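Student: Quick one: this structure, given as structure tokens, is what I'll be asking you about.
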Amino acid sequence: MLEKLYAYSGGQPWLTNALANEVVSEMLNNDYARKITQDLIDLAKERLIEQRQTQLDGLADKIDDPRVRPIIMSIITGDSPAFDGADDAIRYCRDLGIISTGNPIQFANPIYREIITRILTIGFSVGINQDIAQTSWYLNIDGTLNMDKLLDAFTKFYQRNAESWIDRYQYKEAGHQLMLMAFLQRIINGGGRIEREMAAGNGRTDLVVFWKEQVITIEIKMHHDKWSEPEGIEQLARYLDRLGQKTGYMVFLEKKSALELSWENRILREVHIVNNKEVIIYAM
């Protein structure tokens, strides 16, 4: 329990106490005869994220700071920070407690990571029409999540809205990834959860969708050069190995505008087998 508590709080005293208080006082009503389980700590983390208490809500102000913005964008996109001024910006973000010490550069803890991501995706999320955000439409008869149907719907949504939406967005360099995360969040909130792994310099954003008994892995990768796709496939295959999964999805996003590359040439679905792992690519 203590290891999980530390993992979620990153050792920050205020978050550690907030999680403990949520479990002991709010959920167990100070009944010390009741056992604290890992599920309760997981739920306490989700409740803190939803409540966004005063100290957590202050993150919204910090992410608009011009010294903070490029570091957060680098973490979300997986790109390395720009060399000029990077040391000062990284030191400043560490002083604020937004990112952890050491490498790779990543958010200080899972709670900050989730809240910052949700703050950045809210603009996209509220713009998604309820007509395509009905969770029930993406479920199979047995109640399992149909990820292919969900990603097909996102492909159409992305084709219609990506350029106009991202162009108006302050965090436009990370807009492609955040747009997909916003779309997934709207659907998955209907009964599951998303865990994110992201760090500056790793070249990708990894998502794991938990839906009842399903564990679905999604890698978001930007098309930078001819090595981007094969590198992404290998990265996802290794990630699937680590999670003990046989199948995963790679959403491969093209930075070029539709004027440079037509949508007919951008959108495709492919299946690759790598080390006995099935990698399903959605390129757009």
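Each chain in the structure tokens gets a letter, A, B and so on, in the order shown; residues start at 1 in every chain, and ligands are counted from 1 in the order they appear.
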Using DSSP assignments from the backbone, pull out every residue in segment 62-190 of chain A that falls under strand (DSSP E or B) and give it to me as a PDB file with C-alpha atoms, in the first residue's frame.
Tutor:
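The file below, selection-v2.pdb, is the result:
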ATOM      1  CA  ILE A  99       8.404  17.499 -13.219  1.00  0.00           C
ATOM      2  CA  PHE A 107       5.648  14.730 -14.808  1.00  0.00           C
ATOM      3  CA  LEU A 139     -19.282  -1.860 -27.263  1.00  0.00           C
ATOM      4  CA  LEU A 145     -14.822  -2.406 -25.970  1.00  0.00           C
TER       5      LEU A 145
END
Student: Please provide as number ranges by chain all residues within 12 Å of Tyr239 of chain A, with the sequence filter that same-chain residues fewer than 2 positions apart are discarded (counting only C-alpha atoms).
Tutor: A: 197, 204-208, 216-219, 232-237, 241-250, 274-275, 277, 279
Student: Just to confirm, what's the straight-line distance from atom CA of Gln134 of chain A to atom CA of Leu178 of chain A in Å (one decimal)?
Tutor: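 Separation of atom CA of Gln134 of chain A and atom CA of Leu178 of chain A: 19.5 Å.
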Student: May I have the residues within 10 Å of Ile188 of chain A as a ChimeraX atom specification, using only C-alpha atoms and disregarding those fewer than 4 positions away in the same chain?
Tutor: /A:133-135,138,145,182-184,192-194,209-211
Student: What would the file look like if the residues just selected were written as a compact mmCIF listing (two decimals), in the first residue's frame with N, CA and C atoms?
Tutor:
# COMPACT_ATOMS: atom_id res chain seq x y z
N ALA A 133 -20.08 10.49 -29.29
CA ALA A 133 -19.40 10.22 -28.03
C ALA A 133 -20.20 9.29 -27.13
N GLN A 134 -21.13 8.54 -27.70
CA GLN A 134 -21.92 7.60 -26.91
C GLN A 134 -21.11 6.33 -26.70
N THR A 135 -20.75 6.05 -25.46
CA THR A 135 -19.93 4.88 -25.17
C THR A 135 -20.56 3.60 -25.69
N TYR A 138 -19.70 1.85 -29.05
CA TYR A 138 -18.38 1.23 -29.27
C TYR A 138 -18.20 -0.05 -28.47
N LEU A 145 -15.06 -3.61 -25.19
CA LEU A 145 -14.82 -2.41 -25.97
C LEU A 145 -14.28 -2.78 -27.34
N ALA A 182 -8.36 13.33 -25.95
CA ALA A 182 -9.66 13.89 -25.59
C ALA A 182 -10.79 13.01 -26.11
N PHE A 183 -10.65 12.53 -27.34
CA PHE A 183 -11.68 11.67 -27.94
C PHE A 183 -11.81 10.37 -27.14
N LEU A 184 -10.67 9.74 -26.84
CA LEU A 184 -10.69 8.49 -26.07
C LEU A 184 -11.29 8.71 -24.69
N GLY A 192 -14.47 2.89 -18.00
CA GLY A 192 -13.09 2.43 -17.88
C GLY A 192 -12.18 3.58 -17.48
N ARG A 193 -10.89 3.37 -17.68
CA ARG A 193 -9.93 4.42 -17.36
C ARG A 193 -8.73 4.32 -18.31
N ILE A 194 -7.98 5.40 -18.39
CA ILE A 194 -6.80 5.46 -19.24
C ILE A 194 -5.59 5.77 -18.38
N VAL A 209 -5.57 1.47 -22.05
CA VAL A 209 -7.00 1.56 -21.76
C VAL A 209 -7.42 0.33 -20.96
N PHE A 210 -8.00 0.56 -19.79
CA PHE A 210 -8.52 -0.52 -18.97
C PHE A 210 -10.05 -0.46 -19.05
N TRP A 211 -10.61 -1.54 -19.61
CA TRP A 211 -12.07 -1.61 -19.74
C TRP A 211 -12.51 -2.98 -19.21
Student: When DSSP works through the backbone of this structure, what residues of segment 117-270 of chain A end up as alpha helix (DSSP H), shown as number ranges by chain?
Tutor: A: 117-127, 147-167, 175-188, 228-243, 263-266
Student: Restrict the selected residues to C-alpha atoms and save them as a PDB file, in the first residue's frame.
Tutor:
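Dumped to out.pdb:
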ATOM      1  CA  THR A 117      -3.505  16.267 -19.574  1.00  0.00           C
ATOM      2  CA  ARG A 118      -7.192  16.736 -18.761  1.00  0.00           C
ATOM      3  CA  ILE A 119      -6.755  20.511 -18.457  1.00  0.00           C
ATOM      4  CA  LEU A 120      -5.119  20.583 -21.896  1.00  0.00           C
ATOM      5  CA  THR A 121      -7.732  18.341 -23.523  1.00  0.00           C
ATOM      6  CA  ILE A 122     -10.838  20.052 -22.126  1.00  0.00           C
ATOM      7  CA  GLY A 123     -11.075  22.438 -25.094  1.00  0.00           C
ATOM      8  CA  PHE A 124     -11.133  19.521 -27.512  1.00  0.00           C
ATOM      9  CA  SER A 125     -13.370  17.396 -25.303  1.00  0.00           C
ATOM     10  CA  VAL A 126     -16.235  19.888 -25.025  1.00  0.00           C
ATOM     11  CA  GLY A 127     -16.213  20.330 -28.804  1.00  0.00           C
ATOM     12  CA  MET A 147     -11.253  -0.452 -30.204  1.00  0.00           C
ATOM     13  CA  ASP A 148     -11.276  -0.828 -34.000  1.00  0.00           C
ATOM     14  CA  LYS A 149     -14.720   0.755 -34.208  1.00  0.00           C
ATOM     15  CA  LEU A 150     -13.602   3.519 -31.837  1.00  0.00           C
ATOM     16  CA  LEU A 151     -10.463   4.321 -33.847  1.00  0.00           C
ATOM     17  CA  ASP A 152     -12.434   4.216 -37.118  1.00  0.00           C
ATOM     18  CA  ALA A 153     -14.736   6.876 -35.654  1.00  0.00           C
ATOM     19  CA  PHE A 154     -11.771   8.951 -34.491  1.00  0.00           C
ATOM     20  CA  THR A 155     -10.197   8.748 -37.966  1.00  0.00           C
ATOM     21  CA  LYS A 156     -13.294  10.340 -39.514  1.00  0.00           C
ATOM     22  CA  PHE A 157     -13.513  12.919 -36.730  1.00  0.00           C
ATOM     23  CA  TYR A 158      -9.813  13.775 -37.076  1.00  0.00           C
ATOM     24  CA  GLN A 159     -10.075  14.157 -40.858  1.00  0.00           C
ATOM     25  CA  ARG A 160     -12.917  16.671 -40.520  1.00  0.00           C
ATOM     26  CA  ASN A 161     -11.601  18.704 -37.606  1.00  0.00           C
ATOM     27  CA  ALA A 162      -7.850  18.344 -37.051  1.00  0.00           C
ATOM     28  CA  GLU A 163      -6.493  21.258 -39.038  1.00  0.00           C
ATOM     29  CA  SER A 164      -9.052  23.885 -38.015  1.00  0.00           C
ATOM     30  CA  TRP A 165      -9.044  22.844 -34.340  1.00  0.00           C
ATOM     31  CA  ILE A 166      -5.293  22.483 -33.841  1.00  0.00           C
ATOM     32  CA  ASP A 167      -4.553  25.748 -35.620  1.00  0.00           C
ATOM     33  CA  GLY A 175      -2.485  19.157 -30.457  1.00  0.00           C
ATOM     34  CA  HIS A 176      -2.550  15.925 -32.492  1.00  0.00           C
ATOM     35  CA  GLN A 177      -1.848  13.755 -29.451  1.00  0.00           C
ATOM     36  CA  LEU A 178      -4.184  15.730 -27.172  1.00  0.00           C
ATOM     37  CA  MET A 179      -7.018  15.547 -29.692  1.00  0.00           C
ATOM     38  CA  LEU A 180      -6.858  11.735 -29.702  1.00  0.00           C
ATOM     39  CA  MET A 181      -6.609  11.622 -25.904  1.00  0.00           C
ATOM     40  CA  ALA A 182      -9.661  13.893 -25.594  1.00  0.00           C
ATOM     41  CA  PHE A 183     -11.681  11.672 -27.936  1.00  0.00           C
ATOM     42  CA  LEU A 184     -10.691   8.493 -26.073  1.00  0.00           C
ATOM     43  CA  GLN A 185     -11.385  10.103 -22.692  1.00  0.00           C
ATOM     44  CA  ARG A 186     -14.951  11.004 -23.687  1.00  0.00           C
ATOM     45  CA  ILE A 187     -15.682   7.384 -24.605  1.00  0.00           C
ATOM     46  CA  ILE A 188     -13.680   5.543 -21.928  1.00  0.00           C
ATOM     47  CA  SER A 228       9.301   6.909 -37.524  1.00  0.00           C
ATOM     48  CA  GLU A 229       6.995   4.032 -38.483  1.00  0.00           C
ATOM     49  CA  PRO A 230       9.423   1.077 -38.136  1.00  0.00           C
ATOM     50  CA  GLU A 231      10.767   2.569 -34.917  1.00  0.00           C
ATOM     51  CA  GLY A 232       7.223   2.940 -33.566  1.00  0.00           C
ATOM     52  CA  ILE A 233       6.347  -0.668 -34.436  1.00  0.00           C
ATOM     53  CA  GLU A 234       9.424  -1.970 -32.596  1.00  0.00           C
ATOM     54  CA  GLN A 235       8.722   0.304 -29.607  1.00  0.00           C
ATOM     55  CA  LEU A 236       5.139  -0.925 -29.346  1.00  0.00           C
ATOM     56  CA  ALA A 237       6.173  -4.583 -29.648  1.00  0.00           C
ATOM     57  CA  ARG A 238       8.608  -4.127 -26.728  1.00  0.00           C
ATOM     58  CA  TYR A 239       5.925  -2.308 -24.724  1.00  0.00           C
ATOM     59  CA  LEU A 240       3.464  -5.158 -25.330  1.00  0.00           C
ATOM     60  CA  ASP A 241       6.120  -7.583 -24.084  1.00  0.00           C
ATOM     61  CA  ARG A 242       6.488  -5.568 -20.894  1.00  0.00           C
ATOM     62  CA  LEU A 243       2.699  -5.568 -20.327  1.00  0.00           C
ATOM     63  CA  TRP A 263      -6.316  12.422 -46.961  1.00  0.00           C
ATOM     64  CA  GLU A 264      -6.637   9.517 -49.407  1.00  0.00           C
ATOM     65  CA  ASN A 265      -2.879   9.013 -49.078  1.00  0.00           C
ATOM     66  CA  ARG A 266      -2.807   9.598 -45.318  1.00  0.00           C
TER      67      ARG A 266
END
